[in-house]
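Pasted below: target.txt, compact mmCIF, C-alpha atoms and all ligand atoms.
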```txt
# COMPACT_ATOMS: atom_id res chain seq x y z
CA MET A 1 42.58 66.98 124.45
CA THR A 2 43.34 68.53 121.11
CA THR A 3 44.33 72.18 121.04
CA ILE A 4 43.21 73.97 117.91
CA ILE A 5 44.57 77.34 116.88
CA GLU A 6 42.51 78.72 114.03
CA ASP A 7 43.26 81.71 111.77
CA LEU A 8 44.90 83.53 114.64
CA LEU A 9 45.70 87.20 114.09
CA LYS A 10 47.37 89.53 116.58
CA LYS A 11 47.98 93.22 115.93
CA PHE A 12 49.65 95.78 118.17
CA GLU A 13 48.72 99.15 116.66
CA GLN A 14 50.77 99.19 113.43
CA THR A 15 52.62 95.91 114.04
CA THR A 16 51.09 92.65 112.90
CA ALA A 17 52.76 90.25 115.33
CA LEU A 18 50.91 87.13 114.11
CA GLN A 19 48.76 86.25 111.11
CA ASN A 20 47.28 83.16 109.47
CA ILE A 21 48.32 80.96 112.40
CA ASN A 22 46.69 77.52 112.12
CA ILE A 23 48.01 74.69 114.29
CA SER A 24 46.33 71.57 115.56
CA ILE A 25 48.13 70.11 118.59
CA GLN A 26 47.45 66.51 119.59
CA ASP A 27 47.03 65.40 123.17
CA GLY A 28 50.45 64.67 124.69
CA GLU A 29 52.36 66.10 121.76
CA PHE A 30 55.63 68.01 122.18
CA ILE A 31 55.50 70.96 119.79
CA ALA A 32 58.41 73.34 119.28
CA ILE A 33 57.75 76.84 118.01
CA LEU A 34 60.98 77.77 116.26
CA GLY A 35 61.97 81.06 114.71
CA PRO A 36 64.26 84.06 114.95
CA SER A 37 63.87 86.81 117.51
CA GLY A 38 60.81 89.01 116.87
CA CYS A 39 58.91 86.45 114.75
CA GLY A 40 56.00 86.27 117.20
CA LYS A 41 56.80 83.21 119.36
CA THR A 42 56.19 84.85 122.73
CA THR A 43 53.05 86.56 121.43
CA LEU A 44 51.67 83.16 120.39
CA LEU A 45 52.47 81.67 123.81
CA ARG A 46 50.84 84.60 125.62
CA LEU A 47 47.70 84.10 123.56
CA LEU A 48 47.70 80.38 124.40
CA ALA A 49 48.06 81.20 128.09
CA GLY A 50 45.33 83.83 128.05
CA PHE A 51 47.57 86.79 129.00
CA ASP A 52 46.52 88.47 125.78
CA SER A 53 43.52 88.41 123.43
CA PRO A 54 43.63 87.70 119.71
CA SER A 55 42.64 90.40 117.20
CA ASP A 56 40.89 87.64 115.27
CA GLY A 57 40.71 83.85 115.10
CA SER A 58 40.32 81.43 117.98
CA ILE A 59 41.99 78.99 120.37
CA THR A 60 40.08 75.90 121.42
CA ILE A 61 41.17 73.24 123.91
CA GLY A 62 39.07 70.07 123.78
CA ASP A 63 35.53 71.31 123.34
CA GLN A 64 36.08 74.60 125.12
CA GLN A 65 36.82 77.78 123.21
CA MET A 66 39.45 79.62 125.26
CA SER A 67 39.95 82.78 123.21
CA ASN A 68 38.47 84.66 120.32
CA LYS A 69 38.31 88.35 119.48
CA TYR A 70 35.35 88.90 121.84
CA VAL A 71 36.20 86.85 124.93
CA THR A 72 39.37 85.48 126.49
CA LEU A 73 39.31 83.10 129.43
CA PRO A 74 41.89 84.55 131.87
CA PRO A 75 45.01 82.50 132.73
CA GLU A 76 43.88 81.68 136.28
CA LYS A 77 40.79 79.96 134.88
CA ARG A 78 42.80 77.71 132.57
CA ASN A 79 44.75 74.70 133.68
CA ILE A 80 47.92 75.76 131.97
CA GLY A 81 51.50 75.62 133.27
CA MET A 82 54.12 78.16 132.21
CA VAL A 83 57.90 78.19 132.37
CA PHE A 84 59.81 81.34 131.53
CA GLN A 85 63.36 82.06 130.45
CA SER A 86 63.98 84.04 133.64
CA PHE A 87 62.79 81.21 136.01
CA ALA A 88 60.56 83.82 137.75
CA LEU A 89 60.92 82.31 141.21
CA TRP A 90 59.71 84.10 144.35
CA PRO A 91 62.72 85.05 146.53
CA HIS A 92 60.81 84.63 149.81
CA LEU A 93 59.45 81.11 149.14
CA ASN A 94 61.40 77.89 149.57
CA VAL A 95 61.38 75.06 147.03
CA ARG A 96 58.47 73.16 148.51
CA LYS A 97 56.32 76.28 148.80
CA HIS A 98 56.90 77.04 145.10
CA ILE A 99 55.39 73.69 144.15
CA GLU A 100 52.55 74.07 146.64
CA PHE A 101 51.62 77.62 145.67
CA PRO A 102 49.65 76.99 142.47
CA LEU A 103 47.79 74.10 144.12
CA LEU A 104 46.55 76.34 146.92
CA HIS A 105 45.97 79.53 144.98
CA HIS A 106 44.98 78.73 141.43
CA GLN A 107 41.31 78.48 140.58
CA TYR A 108 41.66 75.57 138.24
CA VAL A 109 43.12 72.60 140.07
CA PRO A 110 41.71 69.08 139.51
CA THR A 111 39.68 67.92 142.53
CA ASP A 112 41.85 64.89 143.32
CA ILE A 113 44.88 67.16 143.63
CA ARG A 114 43.05 69.86 145.61
CA THR A 115 41.92 67.33 148.22
CA ASN A 116 45.38 65.88 148.64
CA THR A 117 47.82 68.70 148.05
CA ALA A 118 50.64 67.34 150.24
CA GLN A 119 50.79 64.07 148.32
CA ARG A 120 50.95 65.85 144.97
CA VAL A 121 53.72 68.16 146.26
CA ASP A 122 55.71 65.08 147.36
CA GLU A 123 55.23 63.50 143.95
CA VAL A 124 56.40 66.60 142.11
CA MET A 125 59.41 67.07 144.41
CA ASP A 126 60.33 63.52 143.52
CA ILE A 127 59.91 64.08 139.77
CA ILE A 128 62.14 67.17 139.79
CA GLU A 129 64.54 65.40 142.19
CA LEU A 130 64.64 68.17 144.77
CA THR A 131 63.13 66.34 147.77
CA GLU A 132 66.37 66.79 149.69
CA LEU A 133 66.43 70.53 149.02
CA ALA A 134 62.79 71.20 149.96
CA ASN A 135 63.66 73.96 152.44
CA ARG A 136 66.22 75.80 150.34
CA MET A 137 65.47 79.35 149.19
CA PRO A 138 65.99 80.30 145.51
CA SER A 139 69.19 82.20 146.39
CA GLU A 140 70.64 78.88 147.66
CA LEU A 141 70.05 77.01 144.38
CA SER A 142 72.11 76.57 141.21
CA GLY A 143 70.75 77.65 137.81
CA GLY A 144 69.70 74.12 136.90
CA GLN A 145 67.98 73.60 140.26
CA LYS A 146 66.10 76.88 139.88
CA GLN A 147 64.90 75.81 136.47
CA ARG A 148 63.73 72.47 137.94
CA VAL A 149 61.72 74.37 140.56
CA ALA A 150 60.12 76.42 137.77
CA LEU A 151 59.31 73.18 135.91
CA GLY A 152 57.88 71.57 139.05
CA ARG A 153 55.68 74.57 139.76
CA ALA A 154 54.41 74.47 136.18
CA ILE A 155 53.46 70.77 136.21
CA ALA A 156 52.10 70.62 139.80
CA SER A 157 48.42 70.92 138.88
CA LYS A 158 48.80 68.46 135.97
CA PRO A 159 48.09 71.15 133.37
CA GLU A 160 46.49 70.16 130.09
CA LEU A 161 48.94 72.43 128.35
CA LEU A 162 52.51 73.19 129.41
CA LEU A 163 53.93 76.32 127.82
CA MET A 164 57.65 77.05 127.86
CA ASP A 165 59.25 80.23 126.55
CA GLU A 166 62.96 79.68 125.83
CA PRO A 167 63.33 77.97 129.22
CA LEU A 168 66.99 77.02 128.74
CA SER A 169 68.46 80.14 127.21
CA ASN A 170 69.72 81.49 130.55
CA LEU A 171 71.72 78.35 131.30
CA ASP A 172 75.27 77.57 130.19
CA ALA A 173 75.85 75.15 127.32
CA GLU A 174 76.51 72.01 129.37
CA LEU A 175 73.54 72.51 131.65
CA ARG A 176 71.34 73.24 128.63
CA MET A 177 72.10 69.78 127.23
CA GLU A 178 71.32 68.16 130.56
CA MET A 179 68.05 70.08 131.01
CA ARG A 180 66.98 69.09 127.48
CA LYS A 181 67.02 65.48 128.65
CA GLU A 182 65.22 66.35 131.87
CA ILE A 183 62.43 68.14 130.01
CA GLN A 184 62.07 65.15 127.68
CA GLU A 185 61.86 62.85 130.70
CA LEU A 186 59.30 65.15 132.25
CA HIS A 187 57.29 64.91 129.06
CA HIS A 188 57.33 61.11 129.21
CA LEU A 189 56.48 61.04 132.92
CA THR A 190 53.60 63.50 132.74
CA ASN A 191 52.25 62.96 129.21
CA ALA A 192 51.62 66.70 129.18
CA THR A 193 51.03 68.49 125.93
CA ILE A 194 54.01 70.82 125.57
CA VAL A 195 54.40 73.95 123.50
CA TYR A 196 58.06 74.82 123.66
CA VAL A 197 59.33 78.12 122.25
CA THR A 198 62.93 78.36 121.11
CA HIS A 199 65.14 80.14 118.61
CA ASP A 200 67.63 77.25 118.82
CA GLN A 201 67.13 74.85 115.92
CA ALA A 202 69.21 72.11 117.55
CA GLU A 203 66.92 72.16 120.59
CA ALA A 204 63.81 71.94 118.43
CA LEU A 205 65.20 69.09 116.32
CA ALA A 206 66.33 67.13 119.37
CA MET A 207 63.25 67.49 121.53
CA ALA A 208 60.06 68.02 119.57
CA ASP A 209 57.56 65.60 118.01
CA ARG A 210 56.72 68.36 115.54
CA ILE A 211 58.23 71.73 114.81
CA VAL A 212 56.36 74.87 113.77
CA VAL A 213 58.85 77.12 111.96
CA MET A 214 57.85 80.78 112.12
CA ASN A 215 59.09 83.84 110.28
CA LYS A 216 57.79 87.41 110.51
CA GLY A 217 54.58 86.48 112.30
CA GLU A 218 53.62 83.65 109.97
CA ILE A 219 54.10 79.89 109.82
CA GLU A 220 56.66 78.80 107.24
CA GLN A 221 56.29 75.05 107.76
CA ILE A 222 54.95 72.50 110.24
CA GLY A 223 56.46 69.02 110.33
CA THR A 224 58.41 66.38 112.20
CA PRO A 225 62.08 67.23 112.82
CA GLU A 226 62.97 64.86 109.99
CA GLU A 227 60.57 66.50 107.54
CA ILE A 228 61.71 69.99 108.48
CA TYR A 229 65.36 69.07 108.05
CA SER A 230 65.19 66.81 104.99
CA ARG A 231 62.30 68.31 103.11
CA PRO A 232 62.10 72.01 103.87
CA THR A 233 59.38 73.65 101.78
CA THR A 234 60.83 77.14 101.78
CA ALA A 235 64.33 78.59 101.45
CA PHE A 236 63.87 80.26 104.84
CA VAL A 237 63.30 76.91 106.58
CA ALA A 238 66.19 75.30 104.72
CA ASN A 239 68.53 78.01 105.87
CA PHE A 240 67.24 78.44 109.41
CA VAL A 241 67.16 74.76 110.31
CA GLY A 242 70.61 73.33 109.81
CA LYS A 243 73.17 74.56 107.36
CA ALA A 244 72.21 74.59 103.70
CA ASN A 245 73.84 75.51 100.43
CA LEU A 246 71.10 77.23 98.48
CA MET A 247 71.17 76.54 94.78
CA GLU A 248 69.03 77.92 92.02
CA GLY A 249 67.85 75.44 89.43
CA THR A 250 65.06 73.64 87.64
CA TRP A 251 63.38 70.28 88.14
CA GLU A 252 62.36 68.09 85.26
CA SER A 253 61.21 64.49 85.72
CA ASP A 254 63.20 63.98 88.94
CA GLN A 255 66.36 65.54 87.53
CA PHE A 256 67.70 68.75 88.95
CA THR A 257 69.68 71.11 86.74
CA PRO A 258 71.45 73.90 88.61
CA ALA A 259 70.97 77.25 86.83
CA SER A 260 74.66 78.07 86.96
CA TYR A 261 75.76 74.64 85.72
CA PRO A 262 73.47 73.60 82.83
CA ALA A 263 75.79 70.73 81.95
CA ILE A 264 75.21 69.01 85.32
CA THR A 265 72.03 67.14 86.19
CA TRP A 266 71.45 65.66 89.61
CA PRO A 267 68.89 63.06 90.62
CA ASP A 268 66.18 63.65 93.22
CA LEU A 269 67.58 65.71 96.09
CA GLY A 270 64.75 64.68 98.38
CA VAL A 271 63.16 68.11 98.49
CA SER A 272 59.45 68.48 98.86
CA ILE A 273 57.49 67.99 95.66
CA SER A 274 55.75 71.32 96.10
CA LEU A 275 59.09 72.91 95.32
CA LYS A 276 59.77 70.97 92.16
CA LYS A 277 59.88 73.71 89.61
CA LYS A 278 62.25 76.56 88.95
CA GLY A 279 63.46 77.86 92.27
CA ILE A 280 66.06 77.83 95.00
CA TYR A 281 66.83 74.46 96.61
CA PRO A 282 68.69 73.50 99.75
CA ILE A 283 71.63 71.16 99.50
CA ARG A 284 72.89 69.99 102.88
CA PRO A 285 76.64 69.97 103.60
CA GLU A 286 76.49 66.19 104.12
CA GLN A 287 74.78 65.67 100.73
CA LEU A 288 77.88 66.81 98.89
CA VAL A 289 81.08 64.99 98.25
CA ILE A 290 84.45 66.38 97.23
CA LEU A 291 86.34 64.56 94.47
CA LYS A 292 89.66 65.01 92.71
CA ASP A 293 89.49 67.55 89.90
CA ASP A 294 89.81 64.96 87.11
CA GLN A 295 86.14 64.01 87.61
CA GLU A 296 82.76 65.44 86.59
CA GLY A 297 81.15 68.04 88.82
CA ILE A 298 81.27 71.63 89.93
CA GLU A 299 84.85 72.82 89.79
CA GLY A 300 86.24 74.78 92.69
CA GLN A 301 89.00 75.29 95.18
CA ILE A 302 89.20 74.49 98.88
CA THR A 303 89.29 77.72 100.88
CA SER A 304 88.94 76.34 104.40
CA VAL A 305 89.44 73.05 106.20
CA GLN A 306 88.15 72.55 109.74
CA TYR A 307 88.85 69.33 111.57
CA GLN A 308 85.81 68.46 113.75
CA GLY A 309 86.67 65.07 115.21
CA LYS A 310 84.43 62.66 113.38
CA GLU A 311 84.15 64.80 110.25
CA ILE A 312 85.89 67.57 108.38
CA HIS A 313 84.13 70.78 107.39
CA TYR A 314 85.33 72.21 104.10
CA THR A 315 84.50 75.40 102.27
CA VAL A 316 84.81 75.10 98.51
CA ARG A 317 84.76 78.24 96.43
CA ALA A 318 83.27 77.75 92.98
CA ASP A 319 82.29 80.63 90.70
CA GLU A 320 82.18 83.11 93.60
CA LEU A 321 79.92 80.86 95.68
CA ASP A 322 81.09 79.32 98.93
CA TRP A 323 79.90 75.74 99.38
CA VAL A 324 79.91 74.16 102.79
CA VAL A 325 80.71 70.45 102.69
CA HIS A 326 80.82 68.07 105.65
CA SER A 327 82.86 65.04 104.88
CA GLY A 328 84.00 61.87 106.63
CA MET A 329 87.64 61.25 107.50
CA ILE A 330 88.45 58.93 104.61
CA LYS A 331 90.21 61.33 102.29
CA LYS A 332 91.62 64.61 103.41
CA PHE A 333 91.92 67.47 100.97
CA GLN A 334 94.35 70.33 101.42
CA LEU A 335 93.71 74.03 101.61
CA GLY A 336 94.03 75.52 98.11
CA GLU A 337 93.54 72.19 96.33
CA ARG A 338 91.51 72.19 93.08
CA VAL A 339 88.57 69.82 93.44
CA VAL A 340 85.09 69.07 92.09
CA LEU A 341 81.81 68.84 93.98
CA GLN A 342 79.27 66.14 93.36
CA LEU A 343 76.03 65.05 94.97
CA LYS A 344 76.68 62.11 97.25
CA VAL A 345 74.96 58.89 96.24
CA GLY A 346 72.92 57.20 98.95
CA VAL A 347 72.22 60.14 101.22
CA ARG A 348 69.24 61.38 99.28
CA ASN A 349 65.99 61.17 101.09
CA LYS A 350 64.48 57.79 100.39
CA GLN A 351 60.89 58.82 100.95
CA LYS A 352 59.10 59.53 97.68
CA ASP A 353 56.31 62.02 97.42
CA VAL A 354 53.20 60.57 95.87
P1 LIG B 401 59.65 86.57 119.70
O1 LIG B 401 59.18 86.03 121.00
O2 LIG B 401 59.57 85.60 118.58
O3 LIG B 401 61.02 87.18 119.80
P2 LIG B 401 57.53 88.52 120.08
O4 LIG B 401 56.30 87.69 120.09
O5 LIG B 401 58.04 88.98 121.40
O6 LIG B 401 58.67 87.78 119.25
O7 LIG B 401 57.26 89.81 119.19
C1 LIG B 401 56.72 89.77 117.89
C2 LIG B 401 56.51 91.18 117.37
O8 LIG B 401 55.46 91.83 118.07
C3 LIG B 401 57.73 92.08 117.50
O9 LIG B 401 57.78 92.91 116.38
C4 LIG B 401 57.43 92.86 118.75
O10 LIG B 401 58.07 94.09 118.74
C5 LIG B 401 55.92 93.00 118.68
N1 LIG B 401 55.30 93.10 120.02
C6 LIG B 401 55.26 92.12 120.95
N2 LIG B 401 54.59 92.51 122.06
C7 LIG B 401 54.19 93.79 121.81
C8 LIG B 401 53.44 94.77 122.57
N3 LIG B 401 52.96 94.49 123.79
N4 LIG B 401 53.23 95.96 121.99
C9 LIG B 401 53.70 96.24 120.75
N5 LIG B 401 54.39 95.38 119.98
C10 LIG B 401 54.65 94.17 120.50
MG MG B 402 60.23 85.78 122.83
```

The structure in this file should be written as structure tokens.
Amino acid sequence: MTTIIEDLLKKFEQTTALQNINISIQDGEFIAILGPSGCGKTTLLRLLAGFDSPSDGSITIGDQQMSNKYVTLPPEKRNIGMVFQSFALWPHLNVRKHIEFPLLHHQYVPTDIRTNTAQRVDEVMDIIELTELANRMPSELSGGQKQRVALGRAIASKPELLLMDEPLSNLDAELRMEMRKEIQELHHLTNATIVYVTHDQAEALAMADRIVVMNKGEIEQIGTPEEIYSRPTTAFVANFVGKANLMEGTWESDQFTPASYPAITWPDLGVSISLKKKGIYPIRPEQLVILKDDQEGIEGQITSVQYQGKEIHYTVRADELDWVVHSGMIKKFQLGERVVLQLKVGVRNKQKDV
């Protein structure tokens, strides 16, 4: 079922937490809501769950309107699963009882599950791979196991919408990587529609089918991870998602002339066509190449060299601007060396706007 969020507005007294929010989520899609702290991610999720009512606009799932400014269907009447950052487990219930709880107590449970609760609990225990630990209490589980219980509880009633609010941010780095894979597997196994809130751009790029980038209560851009990374439509997106060197300049018939370097013209950088006028453009660290200073380009000096294994990260200072350049291992430049910067041939985005 398609979930449609239309012209959503949410105000808390003086604060406008959300405005002009329009998103159409396909059945089975994995959507990441990405943005810095305070941009309205949790507010959006709470509205989707029915914990809060919109000030204006509407949320529709399938053919049922869930929320508008007059009526909000409460959470217990929606078949929605939620996973929180804090796990929110009940200390007095064991693993199996956590999975069973929503099936026995929630109003909206599909009939086939309600009539055969034990079978569904077994299935879910198997999916989250905790069958062996069914009788453990939360205090006897590791962080990753606790998060799997929270996931199992959320998917038990086969929700039409699975909402996750920064579910991995309380786990250490290694476990976070592992749980990313587990959540992706869960998505494949259940075909659930997932709305996944995160402030971590790497998580959003790695996991989502589409990313909604938010800033100050509004949507900056919606697109696939590839579109968001390669063709950001605003400077905010370019800078928030991945590292970008922002450069002012002008487009004219597929040639880019940086404002500070009128003698240099660069071919199509692969930015979105809506940006092709005078403005600020993102240039990714891997789109630049460092050359010896007897060649054409932006002249500068290497001010830092960081060996990263398969690549080297350089900072090149040119006319008081620090450029970040990620380069392969072929030629190593030294700290303090005079060099020039050029746009790398062959890494430009192939896709042409029409
Ligand atoms: P995020 O989850 O992206 O960090 P939130 O959705 O929690 O952001 O908050 C968005 C904005 O709305 C913030 O400015 C926050 O202070 C405000 N806000 C959120 N909930 C409330 C509330 N219950 N009352 C007043 N202001 C709120
Ligand atoms: Mg939040």

Do you know which residues are within 12 Å of ligand LIG 401 (chain B) using only C-alpha atoms and all ligand atoms? Can you write them as a tab-separated table (two decimals) with C-alpha atoms, keeping the file's coordinate frame?
```tsv
chain	number	residue	atom	x	y	z
A	9	LEU	CA	45.70	87.20	114.09
A	10	LYS	CA	47.37	89.53	116.58
A	11	LYS	CA	47.98	93.22	115.93
A	12	PHE	CA	49.65	95.78	118.17
A	13	GLU	CA	48.72	99.15	116.66
A	14	GLN	CA	50.77	99.19	113.43
A	15	THR	CA	52.62	95.91	114.04
A	16	THR	CA	51.09	92.65	112.90
A	17	ALA	CA	52.76	90.25	115.33
A	18	LEU	CA	50.91	87.13	114.11
A	19	GLN	CA	48.76	86.25	111.11
A	33	ILE	CA	57.75	76.84	118.01
A	34	LEU	CA	60.98	77.77	116.26
A	35	GLY	CA	61.97	81.06	114.71
A	36	PRO	CA	64.26	84.06	114.95
A	37	SER	CA	63.87	86.81	117.51
A	38	GLY	CA	60.81	89.01	116.87
A	39	CYS	CA	58.91	86.45	114.75
A	40	GLY	CA	56.00	86.27	117.20
A	41	LYS	CA	56.80	83.21	119.36
A	42	THR	CA	56.19	84.85	122.73
A	43	THR	CA	53.05	86.56	121.43
A	44	LEU	CA	51.67	83.16	120.39
A	45	LEU	CA	52.47	81.67	123.81
A	46	ARG	CA	50.84	84.60	125.62
A	47	LEU	CA	47.70	84.10	123.56
A	51	PHE	CA	47.57	86.79	129.00
A	52	ASP	CA	46.52	88.47	125.78
A	53	SER	CA	43.52	88.41	123.43
A	84	PHE	CA	59.81	81.34	131.53
A	85	GLN	CA	63.36	82.06	130.45
A	164	MET	CA	57.65	77.05	127.86
A	165	ASP	CA	59.25	80.23	126.55
A	166	GLU	CA	62.96	79.68	125.83
A	196	TYR	CA	58.06	74.82	123.66
A	197	VAL	CA	59.33	78.12	122.25
A	198	THR	CA	62.93	78.36	121.11
A	199	HIS	CA	65.14	80.14	118.61
A	200	ASP	CA	67.63	77.25	118.82
A	213	VAL	CA	58.85	77.12	111.96
A	214	MET	CA	57.85	80.78	112.12
A	215	ASN	CA	59.09	83.84	110.28
A	216	LYS	CA	57.79	87.41	110.51
A	217	GLY	CA	54.58	86.48	112.30
A	218	GLU	CA	53.62	83.65	109.97
A	219	ILE	CA	54.10	79.89	109.82
```

Excluding Gly62 in chain A and residues on its chain fewer than 3 positions from it, collect all residues at most 7 Å away from it, counting all atoms listed in the file, and give them as a compact mmCIF listing (two decimals) with C-alpha atoms, in the coordinates of the input.
```
# COMPACT_ATOMS: atom_id res chain seq x y z
CA MET A 1 42.58 66.98 124.45
CA THR A 2 43.34 68.53 121.11
CA THR A 3 44.33 72.18 121.04
```

So what do you get for CA of Leu288 in chain A versus CA of Gln342 in chain A, distance-wise?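 Computed distance, CA of Leu288 in chain A to CA of Gln342 in chain A, equals 5.7 Å.
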
At a cut-off of 9 Å, using only C-alpha atoms, what residues contact Gly50 in chain A? Leave out same-chain residues fewer than 6 positions from it and give the result as a PyMOL selection string. chain A and resi 66-67+72-76+78

Separating CA of Glu203 in chain A from CA of Val305 in chain A, to the nearest tenth of an Å, is a gap of 26.7 Å

Residues at most 7 Å from Lys69 in chain A, counting all atoms listed in the file, excluding those fewer than 6 positions away in the same chain, as a list in words?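 Within the cut-off, the hits are Ser53, Pro54, Ser55, Asp56 and Gly57 of chain A.
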